[in-house]
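Participant: Coordinates in target06.pdb, PDB, C-alpha atoms, are listed below.
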```pdb
ATOM      1  CA  MET A 441     -94.395-112.213   2.144  1.00  0.00           C
ATOM      2  CA  GLU A 442     -97.421-110.587   0.489  1.00  0.00           C
ATOM      3  CA  ARG A 443    -100.819-110.780   2.084  1.00  0.00           C
ATOM      4  CA  ASP A 444    -103.657-112.676   0.410  1.00  0.00           C
ATOM      5  CA  THR A 445    -101.379-114.595  -1.949  1.00  0.00           C
ATOM      6  CA  HIS A 446    -100.041-117.661  -0.071  1.00  0.00           C
ATOM      7  CA  PHE A 447    -102.345-119.885   1.960  1.00  0.00           C
ATOM      8  CA  ILE A 448    -102.363-123.142   3.879  1.00  0.00           C
ATOM      9  CA  LEU A 449    -105.592-125.089   3.418  1.00  0.00           C
ATOM     10  CA  GLY A 450    -107.003-127.624   5.841  1.00  0.00           C
ATOM     11  CA  VAL A 451    -109.639-129.847   4.211  1.00  0.00           C
ATOM     12  CA  TYR A 452    -112.307-131.426   6.442  1.00  0.00           C
ATOM     13  CA  ASP A 453    -115.013-133.999   5.712  1.00  0.00           C
ATOM     14  CA  ASP A 454    -117.414-133.372   8.595  1.00  0.00           C
ATOM     15  CA  GLU A 455    -118.931-130.155   9.944  1.00  0.00           C
ATOM     16  CA  ASP A 456    -118.625-131.227  13.596  1.00  0.00           C
ATOM     17  CA  VAL A 457    -114.932-131.940  13.131  1.00  0.00           C
ATOM     18  CA  LEU A 458    -114.662-128.560  11.389  1.00  0.00           C
ATOM     19  CA  LEU A 459    -116.231-126.695  14.327  1.00  0.00           C
ATOM     20  CA  HIS A 460    -113.886-128.319  16.839  1.00  0.00           C
ATOM     21  CA  ALA A 461    -110.929-127.768  14.507  1.00  0.00           C
ATOM     22  CA  VAL A 462    -111.660-124.058  14.178  1.00  0.00           C
ATOM     23  CA  GLU A 463    -111.786-123.770  17.984  1.00  0.00           C
ATOM     24  CA  LYS A 464    -108.492-125.639  18.304  1.00  0.00           C
ATOM     25  CA  VAL A 465    -106.742-123.678  15.532  1.00  0.00           C
ATOM     26  CA  ARG A 466    -107.880-120.303  16.908  1.00  0.00           C
ATOM     27  CA  GLY A 467    -106.992-121.445  20.418  1.00  0.00           C
ATOM     28  CA  SER A 468    -103.432-122.173  19.333  1.00  0.00           C
ATOM     29  CA  GLY A 469    -103.008-118.571  18.135  1.00  0.00           C
ATOM     30  CA  VAL A 470    -103.377-119.110  14.388  1.00  0.00           C
ATOM     31  CA  LYS A 471    -105.378-116.428  12.559  1.00  0.00           C
ATOM     32  CA  ILE A 472    -107.870-117.967  10.138  1.00  0.00           C
ATOM     33  CA  HIS A 473    -108.380-116.094   6.864  1.00  0.00           C
ATOM     34  CA  GLU A 474    -111.728-117.734   6.016  1.00  0.00           C
ATOM     35  CA  VAL A 475    -113.657-121.001   6.240  1.00  0.00           C
ATOM     36  CA  TYR A 476    -115.358-122.261   3.083  1.00  0.00           C
ATOM     37  CA  SER A 477    -118.237-124.710   3.211  1.00  0.00           C
ATOM     38  CA  PRO A 478    -120.695-126.121   0.651  1.00  0.00           C
ATOM     39  CA  TYR A 479    -123.608-125.266   2.967  1.00  0.00           C
ATOM     40  CA  PRO A 480    -124.192-123.121   6.066  1.00  0.00           C
ATOM     41  CA  VAL A 481    -122.720-124.620   9.234  1.00  0.00           C
ATOM     42  CA  HIS A 482    -124.691-123.653  12.340  1.00  0.00           C
ATOM     43  CA  GLY A 483    -122.525-121.946  14.931  1.00  0.00           C
ATOM     44  CA  LEU A 484    -119.495-121.434  12.685  1.00  0.00           C
ATOM     45  CA  GLU A 485    -119.725-117.630  12.806  1.00  0.00           C
ATOM     46  CA  HIS A 486    -119.621-117.728  16.614  1.00  0.00           C
ATOM     47  CA  VAL A 487    -116.624-120.072  16.663  1.00  0.00           C
ATOM     48  CA  LEU A 488    -114.816-117.816  14.170  1.00  0.00           C
ATOM     49  CA  GLY A 489    -115.522-114.819  16.407  1.00  0.00           C
ATOM     50  CA  TYR A 490    -117.534-112.833  13.874  1.00  0.00           C
ATOM     51  CA  LYS A 491    -119.425-109.870  15.249  1.00  0.00           C
ATOM     52  CA  ARG A 492    -123.074-109.188  14.558  1.00  0.00           C
ATOM     53  CA  SER A 493    -123.702-107.761  11.100  1.00  0.00           C
ATOM     54  CA  LYS A 494    -124.479-104.078  10.700  1.00  0.00           C
ATOM     55  CA  LEU A 495    -126.721-104.812   7.700  1.00  0.00           C
ATOM     56  CA  PRO A 496    -129.968-104.318   9.702  1.00  0.00           C
ATOM     57  CA  ILE A 497    -128.824-100.802  10.625  1.00  0.00           C
ATOM     58  CA  ALA A 498    -128.220-100.043   6.946  1.00  0.00           C
ATOM     59  CA  ALA A 499    -131.657-101.467   6.101  1.00  0.00           C
ATOM     60  CA  PHE A 500    -133.312 -99.218   8.683  1.00  0.00           C
ATOM     61  CA  LEU A 501    -131.474 -96.131   7.424  1.00  0.00           C
ATOM     62  CA  PHE A 502    -132.311 -96.845   3.787  1.00  0.00           C
ATOM     63  CA  GLY A 503    -135.930 -97.526   4.787  1.00  0.00           C
ATOM     64  CA  MET A 504    -136.107 -94.181   6.572  1.00  0.00           C
ATOM     65  CA  LEU A 505    -134.621 -92.532   3.493  1.00  0.00           C
ATOM     66  CA  GLY A 506    -137.316 -94.183   1.354  1.00  0.00           C
ATOM     67  CA  THR A 507    -140.070 -93.004   3.689  1.00  0.00           C
ATOM     68  CA  SER A 508    -138.684 -89.466   3.761  1.00  0.00           C
ATOM     69  CA  LEU A 509    -138.310 -89.295  -0.008  1.00  0.00           C
ATOM     70  CA  ALA A 510    -141.796 -90.698  -0.602  1.00  0.00           C
ATOM     71  CA  LEU A 511    -143.481 -88.277   1.799  1.00  0.00           C
ATOM     72  CA  THR A 512    -141.484 -85.317   0.488  1.00  0.00           C
ATOM     73  CA  MET A 513    -142.244 -86.217  -3.128  1.00  0.00           C
ATOM     74  CA  GLN A 514    -145.961 -86.676  -2.536  1.00  0.00           C
ATOM     75  CA  PHE A 515    -146.313 -83.595  -0.401  1.00  0.00           C
ATOM     76  CA  TYR A 516    -144.493 -81.467  -2.983  1.00  0.00           C
ATOM     77  CA  MET A 517    -146.551 -82.836  -5.884  1.00  0.00           C
ATOM     78  CA  MET A 518    -149.917 -82.543  -4.144  1.00  0.00           C
ATOM     79  CA  LYS A 519    -149.339 -79.189  -2.421  1.00  0.00           C
ATOM     80  CA  PHE A 520    -147.123 -77.152  -4.763  1.00  0.00           C
ATOM     81  CA  ASP A 521    -146.455 -78.767  -8.131  1.00  0.00           C
ATOM     82  CA  TRP A 522    -149.946 -79.839  -9.193  1.00  0.00           C
ATOM     83  CA  PRO A 523    -152.453 -79.300  -6.397  1.00  0.00           C
ATOM     84  CA  MET A 524    -155.693 -81.221  -6.801  1.00  0.00           C
ATOM     85  CA  ILE A 525    -158.710 -81.468  -4.591  1.00  0.00           C
ATOM     86  CA  ILE A 526    -159.729 -85.118  -4.635  1.00  0.00           C
ATOM     87  CA  GLY A 527    -163.010 -86.038  -2.975  1.00  0.00           C
ATOM     88  CA  GLY A 528    -163.100 -82.819  -0.981  1.00  0.00           C
ATOM     89  CA  LYS A 529    -159.957 -83.719   0.956  1.00  0.00           C
ATOM     90  CA  ASP A 530    -157.100 -81.406   1.785  1.00  0.00           C
ATOM     91  CA  TYR A 531    -154.209 -81.100  -0.662  1.00  0.00           C
ATOM     92  CA  ALA A 532    -151.884 -83.016   1.619  1.00  0.00           C
ATOM     93  CA  ALA A 533    -154.035 -85.765   3.123  1.00  0.00           C
ATOM     94  CA  PHE A 534    -151.597 -88.047   4.935  1.00  0.00           C
ATOM     95  CA  PRO A 535    -153.668 -91.298   4.759  1.00  0.00           C
ATOM     96  CA  ASP A 536    -153.486 -91.142   0.970  1.00  0.00           C
ATOM     97  CA  PHE A 537    -149.691 -91.136   1.166  1.00  0.00           C
ATOM     98  CA  ILE A 538    -149.375 -94.371   3.166  1.00  0.00           C
ATOM     99  CA  PRO A 539    -149.348 -96.961   0.305  1.00  0.00           C
ATOM    100  CA  VAL A 540    -146.755 -95.108  -1.769  1.00  0.00           C
ATOM    101  CA  SER A 541    -144.643 -94.400   1.319  1.00  0.00           C
ATOM    102  CA  PHE A 542    -144.700 -98.064   2.319  1.00  0.00           C
ATOM    103  CA  GLU A 543    -143.671 -99.224  -1.143  1.00  0.00           C
ATOM    104  CA  MET A 544    -140.869 -96.678  -1.385  1.00  0.00           C
ATOM    105  CA  THR A 545    -139.631 -97.691   2.081  1.00  0.00           C
ATOM    106  CA  VAL A 546    -139.451-101.357   1.116  1.00  0.00           C
ATOM    107  CA  LEU A 547    -137.885-100.602  -2.270  1.00  0.00           C
ATOM    108  CA  LEU A 548    -135.070 -98.425  -0.956  1.00  0.00           C
ATOM    109  CA  ALA A 549    -134.423-100.714   2.022  1.00  0.00           C
ATOM    110  CA  ALA A 550    -134.057-103.710  -0.302  1.00  0.00           C
ATOM    111  CA  PHE A 551    -131.852-101.947  -2.848  1.00  0.00           C
ATOM    112  CA  GLY A 552    -129.795-100.370  -0.079  1.00  0.00           C
ATOM    113  CA  MET A 553    -129.186-103.723   1.639  1.00  0.00           C
ATOM    114  CA  VAL A 554    -128.129-105.338  -1.620  1.00  0.00           C
ATOM    115  CA  GLY A 555    -125.748-102.454  -2.343  1.00  0.00           C
ATOM    116  CA  VAL A 556    -124.247-102.448   1.151  1.00  0.00           C
ATOM    117  CA  PHE A 557    -123.848-106.234   1.062  1.00  0.00           C
ATOM    118  CA  MET A 558    -122.114-106.110  -2.320  1.00  0.00           C
ATOM    119  CA  VAL A 559    -119.722-103.366  -1.177  1.00  0.00           C
ATOM    120  CA  SER A 560    -118.957-104.931   2.214  1.00  0.00           C
ATOM    121  CA  SER A 561    -118.400-108.378   0.684  1.00  0.00           C
ATOM    122  CA  ASN A 562    -116.219-106.941  -2.081  1.00  0.00           C
ATOM    123  CA  LEU A 563    -118.435-108.531  -4.740  1.00  0.00           C
ATOM    124  CA  LYS A 564    -117.849-106.820  -8.034  1.00  0.00           C
ATOM    125  CA  PRO A 565    -119.342-107.949 -11.339  1.00  0.00           C
ATOM    126  CA  TRP A 566    -115.912-107.871 -12.986  1.00  0.00           C
ATOM    127  CA  ALA A 567    -113.982-109.622 -10.179  1.00  0.00           C
ATOM    128  CA  GLN A 568    -112.665-113.146 -10.643  1.00  0.00           C
ATOM    129  CA  PRO A 569    -113.507-115.344  -7.639  1.00  0.00           C
ATOM    130  CA  ARG A 570    -110.718-117.134  -5.799  1.00  0.00           C
ATOM    131  CA  ILE A 571    -111.311-120.853  -5.772  1.00  0.00           C
ATOM    132  CA  PHE A 572    -109.287-122.368  -2.954  1.00  0.00           C
ATOM    133  CA  ASP A 573    -110.444-125.922  -3.615  1.00  0.00           C
ATOM    134  CA  LEU A 574    -113.043-127.064  -6.147  1.00  0.00           C
ATOM    135  CA  ARG A 575    -114.554-129.481  -3.624  1.00  0.00           C
ATOM    136  CA  ILE A 576    -115.864-126.649  -1.402  1.00  0.00           C
ATOM    137  CA  THR A 577    -118.902-126.482  -3.674  1.00  0.00           C
ATOM    138  CA  ASP A 578    -119.519-130.206  -3.364  1.00  0.00           C
ATOM    139  CA  ASP A 579    -118.761-131.955  -0.087  1.00  0.00           C
ATOM    140  CA  LYS A 580    -115.639-130.590   1.647  1.00  0.00           C
ATOM    141  CA  HIS A 581    -115.031-127.847   4.208  1.00  0.00           C
ATOM    142  CA  VAL A 582    -111.833-125.812   3.843  1.00  0.00           C
ATOM    143  CA  VAL A 583    -110.055-123.662   6.420  1.00  0.00           C
ATOM    144  CA  ALA A 584    -107.829-121.107   4.662  1.00  0.00           C
ATOM    145  CA  ILE A 585    -104.944-119.638   6.646  1.00  0.00           C
ATOM    146  CA  ASP A 586    -102.982-116.695   5.240  1.00  0.00           C
ATOM    147  CA  ILE A 587     -99.282-117.351   5.819  1.00  0.00           C
ATOM    148  CA  ALA A 588     -98.432-113.612   5.925  1.00  0.00           C
ATOM    149  CA  ASN A 589    -100.920-112.997   8.765  1.00  0.00           C
ATOM    150  CA  ASN A 590     -99.305-115.775  10.806  1.00  0.00           C
ATOM    151  CA  SER A 591     -95.639-114.908  10.319  1.00  0.00           C
ATOM    152  CA  ALA A 592     -94.896-115.521  14.019  1.00  0.00           C
ATOM    153  CA  ILE A 593     -95.792-119.218  13.638  1.00  0.00           C
ATOM    154  CA  GLU A 594     -93.821-121.559  11.410  1.00  0.00           C
ATOM    155  CA  VAL A 595     -95.591-123.071   8.406  1.00  0.00           C
ATOM    156  CA  ASP A 596     -94.811-126.629   9.542  1.00  0.00           C
ATOM    157  CA  LYS A 597     -96.326-125.884  12.969  1.00  0.00           C
ATOM    158  CA  ILE A 598     -99.542-124.576  11.327  1.00  0.00           C
ATOM    159  CA  LYS A 599     -99.741-127.713   9.174  1.00  0.00           C
ATOM    160  CA  GLU A 600     -99.263-129.894  12.255  1.00  0.00           C
ATOM    161  CA  ILE A 601    -102.028-128.020  14.094  1.00  0.00           C
ATOM    162  CA  LEU A 602    -104.381-128.566  11.133  1.00  0.00           C
ATOM    163  CA  LYS A 603    -103.520-132.273  10.900  1.00  0.00           C
ATOM    164  CA  SER A 604    -103.986-132.812  14.641  1.00  0.00           C
ATOM    165  CA  SER A 605    -107.340-131.028  14.528  1.00  0.00           C
ATOM    166  CA  GLY A 606    -108.770-133.607  12.128  1.00  0.00           C
ATOM    167  CA  ALA A 607    -107.941-132.308   8.638  1.00  0.00           C
ATOM    168  CA  THR A 608    -107.983-135.048   6.032  1.00  0.00           C
ATOM    169  CA  GLU A 609    -105.640-133.014   3.817  1.00  0.00           C
ATOM    170  CA  VAL A 610    -103.332-130.064   4.291  1.00  0.00           C
ATOM    171  CA  ASN A 611    -102.379-128.219   1.107  1.00  0.00           C
ATOM    172  CA  ASN A 612    -100.617-125.060   0.015  1.00  0.00           C
ATOM    173  CA  LYS A 613    -102.330-122.620  -2.352  1.00  0.00           C
ATOM    174  CA  SER A 614    -100.784-119.586  -4.037  1.00  0.00           C
ATOM    175  CA  PHE A 615    -102.490-116.847  -6.034  1.00  0.00           C
ATOM    176  CA  GLU A 616    -100.134-114.864  -8.235  1.00  0.00           C
TER     177      GLU A 616
END
```
Will you turn the file into structure tokens for me?
Facilitator:
Amino acid sequence: MERDTHFILGVYDDEDVLLHAVEKVRGSGVKIHEVYSPYPVHGLEHVLGYKRSKLPIAAFLFGMLGTSLALTMQFYMMKFDWPMIIGGKDYAAFPDFIPVSFEMTVLLAAFGMVGVFMVSSNLKPWAQPRIFDLRITDDKHVVAIDIANNSAIEVDKIKEILKSSGATEVNNKSFE
């Protein structure tokens, strides 16, 4: 069976039931593809076992790149390209470079984080989003389980686990 094409969906009404259900489903050995919710559920990332994001590291690196580029650009322009003596100061007076360096640091850190987030989340402007259940944008929480990732467990067993964990509905969804 192909990956990312056939799913079992457990639909939940309450976020507390959802948190306990995710613990129970993961505890029974079922690998969860993703959990969809209309709003952030506190503690869900810990229950799903997600690791800390590496986005702050990317932000720091892009910020350092912005600082380096700003200082290099200003130093080159003021020392070699078009040297000017302003107010009797040296060509490369570092305090004058601080505002531009700060702005360039913030600009590249922000653009870099957006770019890294888009790439890591596989968000492309031309991609069609997968809608597992239209109610996930309104009032329902959905646990999506990829059947191919759980080939060792029977489909009926996975559905029973979802039902016993408090799912109001258990559905199949296929993307072809």
Participant: If we count all atoms listed in the file and set the cut-off at 10 Å, which residues sit around Ile576 (chain A), ignoring sequence neighbours fewer than 4 positions away in its own chain? Please answer as a short mmCIF file (atom, residue, chain, number, x, y, z; two decimals) with C-alpha atoms, in the coordinates of the input.
Facilitator:
```cif
data_model
loop_
_atom_site.label_atom_id
_atom_site.label_comp_id
_atom_site.auth_asym_id
_atom_site.auth_seq_id
_atom_site.Cartn_x
_atom_site.Cartn_y
_atom_site.Cartn_z
CA VAL A 451 -109.64 -129.85 4.21
CA TYR A 452 -112.31 -131.43 6.44
CA VAL A 475 -113.66 -121.00 6.24
CA TYR A 476 -115.36 -122.26 3.08
CA SER A 477 -118.24 -124.71 3.21
CA PRO A 478 -120.70 -126.12 0.65
CA TYR A 479 -123.61 -125.27 2.97
CA ILE A 571 -111.31 -120.85 -5.77
CA PHE A 572 -109.29 -122.37 -2.95
CA LYS A 580 -115.64 -130.59 1.65
CA HIS A 581 -115.03 -127.85 4.21
CA VAL A 582 -111.83 -125.81 3.84
#
```
Participant: I would like the residues chosen by the PyMOL selection byres ((chain A and resi 607) around 6) on the shown file; could you give them as a short mmCIF file (atom, residue, chain, number, x, y, z; two decimals) with C-alpha atoms, in the coordinates of the input?
Facilitator:
```cif
data_model
loop_
_atom_site.label_atom_id
_atom_site.label_comp_id
_atom_site.auth_asym_id
_atom_site.auth_seq_id
_atom_site.Cartn_x
_atom_site.Cartn_y
_atom_site.Cartn_z
CA GLY A 450 -107.00 -127.62 5.84
CA VAL A 451 -109.64 -129.85 4.21
CA TYR A 452 -112.31 -131.43 6.44
CA LEU A 602 -104.38 -128.57 11.13
CA LYS A 603 -103.52 -132.27 10.90
CA GLY A 606 -108.77 -133.61 12.13
CA THR A 608 -107.98 -135.05 6.03
CA GLU A 609 -105.64 -133.01 3.82
#
```
Participant: Given the file above and the PyMOL selection byres ((chain A and resi 488) around 8), which residues are selected, and can you give them as a short mmCIF file (atom, residue, chain, number, x, y, z; two decimals) with C-alpha atoms, in the coordinates of the input?
Facilitator:
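Everything below was put into out.cif:
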```cif
data_model
loop_
_atom_site.label_atom_id
_atom_site.label_comp_id
_atom_site.auth_asym_id
_atom_site.auth_seq_id
_atom_site.Cartn_x
_atom_site.Cartn_y
_atom_site.Cartn_z
CA VAL A 462 -111.66 -124.06 14.18
CA GLU A 463 -111.79 -123.77 17.98
CA ARG A 466 -107.88 -120.30 16.91
CA LEU A 484 -119.50 -121.43 12.68
CA GLU A 485 -119.72 -117.63 12.81
CA HIS A 486 -119.62 -117.73 16.61
CA VAL A 487 -116.62 -120.07 16.66
CA GLY A 489 -115.52 -114.82 16.41
CA TYR A 490 -117.53 -112.83 13.87
#
```
Participant: Compile the contact shell of region 510-516 of chain A as a list in words: residues with an atom at most 10 Å away, counting only C-alpha atoms, same-chain residues fewer than 3 positions apart removed.
Facilitator: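 Answer for this query is Met504, Leu505, Gly506, Thr507, Lys519, Phe520, Asp521, Trp522, Pro523, Tyr531, Ala532, Ala533, Phe534, Asp536, Phe537, Ile538, Pro539, Val540, Ser541, Phe542, Glu543, Met544 and Thr545 of chain A.
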Participant: Between CA of Lys599 (chain A) and CA of Lys464 (chain A), what is the spacing in Å?
Facilitator: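 About the pair CA of Lys464 (chain A) and CA of Lys599 (chain A): they are 12.8 Å apart.
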Participant: Out of A:Lys491, A:Lys471, A:His482, A:Lys564, which residue has the shortest atom-to-atom distance to Phe447 (chain A) when counting all atoms listed in the file?
Facilitator: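 Of the candidates, the smallest distance to Phe447 (chain A) is held by A:Lys471.
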Participant: Report the distance between CA of Ala584 (chain A) and CA of Val559 (chain A) in Å, rounded to one decimal place.
Facilitator: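 Going from CA of Ala584 (chain A) over to CA of Val559 (chain A), I get 22.1 Å.
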Participant: Can you measure CA of Glu474 (chain A) to CA of Ala588 (chain A) for me? One decimal in Å is fine.
Facilitator: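 Taking CA of Glu474 (chain A) and CA of Ala588 (chain A), their separation equals 13.9 Å.
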Participant: Can you write region 481-565 of chain A from the block above with C-alpha atoms, as a CSV table (one decimal), in the first residue's frame?
Facilitator:
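As a result, selection25.csv now contains:
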```
chain,number,residue,atom,x,y,z
A,481,VAL,CA,-4.2,22.5,22.0
A,482,HIS,CA,-1.8,23.1,24.9
A,483,GLY,CA,0.5,20.1,25.4
A,484,LEU,CA,-0.4,18.2,22.2
A,485,GLU,CA,3.1,18.5,20.8
A,486,HIS,CA,4.5,16.8,23.9
A,487,VAL,CA,2.0,14.0,23.8
A,488,LEU,CA,2.7,13.5,20.1
A,489,GLY,CA,6.5,13.3,21.0
A,490,TYR,CA,7.6,16.2,18.8
A,491,LYS,CA,11.1,17.4,19.4
A,492,ARG,CA,12.0,21.0,20.0
A,493,SER,CA,12.0,23.1,16.8
A,494,LYS,CA,15.3,24.0,15.2
A,495,LEU,CA,13.8,27.3,13.9
A,496,PRO,CA,15.6,29.4,16.6
A,497,ILE,CA,18.9,28.1,15.5
A,498,ALA,CA,18.1,29.1,11.9
A,499,ALA,CA,17.0,32.5,13.1
A,500,PHE,CA,20.3,33.0,14.9
A,501,LEU,CA,22.3,32.0,11.9
A,502,PHE,CA,20.4,34.2,9.5
A,503,GLY,CA,20.7,37.1,12.0
A,504,MET,CA,24.5,36.6,12.1
A,505,LEU,CA,24.5,36.5,8.4
A,506,GLY,CA,22.6,39.8,8.3
A,507,THR,CA,25.0,41.4,10.8
A,508,SER,CA,28.0,40.2,8.9
A,509,LEU,CA,26.7,41.4,5.5
A,510,ALA,CA,25.7,44.8,7.0
A,511,LEU,CA,29.1,45.4,8.6
A,512,THR,CA,30.9,44.2,5.5
A,513,MET,CA,28.8,46.4,3.2
A,514,GLN,CA,29.2,49.5,5.3
A,515,PHE,CA,32.9,49.0,5.9
A,516,TYR,CA,33.5,48.5,2.2
A,517,MET,CA,31.5,51.5,1.2
A,518,MET,CA,32.9,53.9,3.8
A,519,LYS,CA,36.6,52.7,3.6
A,520,PHE,CA,37.2,51.7,-0.1
A,521,ASP,CA,34.3,52.5,-2.4
A,522,TRP,CA,33.4,56.1,-1.5
A,523,PRO,CA,35.4,57.2,1.5
A,524,MET,CA,34.0,60.3,3.3
A,525,ILE,CA,35.1,62.1,6.4
A,526,ILE,CA,31.9,63.0,8.2
A,527,GLY,CA,32.2,65.2,11.3
A,528,GLY,CA,35.9,64.6,11.6
A,529,LYS,CA,35.4,60.9,12.3
A,530,ASP,CA,37.4,58.0,10.9
A,531,TYR,CA,36.3,56.4,7.7
A,532,ALA,CA,35.1,53.3,9.5
A,533,ALA,CA,33.5,54.5,12.7
A,534,PHE,CA,31.8,51.5,14.2
A,535,PRO,CA,29.1,53.4,16.2
A,536,ASP,CA,27.7,54.8,13.0
A,537,PHE,CA,27.2,51.3,11.7
A,538,ILE,CA,25.0,50.1,14.5
A,539,PRO,CA,21.5,51.2,13.3
A,540,VAL,CA,22.0,49.7,9.8
A,541,SER,CA,23.5,46.5,11.2
A,542,PHE,CA,20.6,46.1,13.6
A,543,GLU,CA,18.0,46.5,10.8
A,544,MET,CA,19.8,44.1,8.5
A,545,THR,CA,20.1,41.6,11.3
A,546,VAL,CA,16.3,41.7,12.0
A,547,LEU,CA,15.4,41.7,8.3
A,548,LEU,CA,17.5,38.6,7.3
A,549,ALA,CA,16.5,36.8,10.5
A,550,ALA,CA,12.8,37.3,9.7
A,551,PHE,CA,13.1,36.4,6.0
A,552,GLY,CA,15.3,33.4,6.8
A,553,MET,CA,12.8,32.1,9.4
A,554,VAL,CA,9.9,32.4,7.0
A,555,GLY,CA,11.9,30.6,4.3
A,556,VAL,CA,13.0,27.8,6.6
A,557,PHE,CA,9.5,27.4,8.0
A,558,MET,CA,8.0,27.2,4.5
A,559,VAL,CA,10.6,24.6,3.3
A,560,SER,CA,10.4,22.5,6.5
A,561,SER,CA,6.6,22.5,6.4
A,562,ASN,CA,6.5,21.7,2.7
A,563,LEU,CA,4.3,24.8,2.1
A,564,LYS,CA,4.5,25.7,-1.6
A,565,PRO,CA,2.4,28.4,-3.3
```
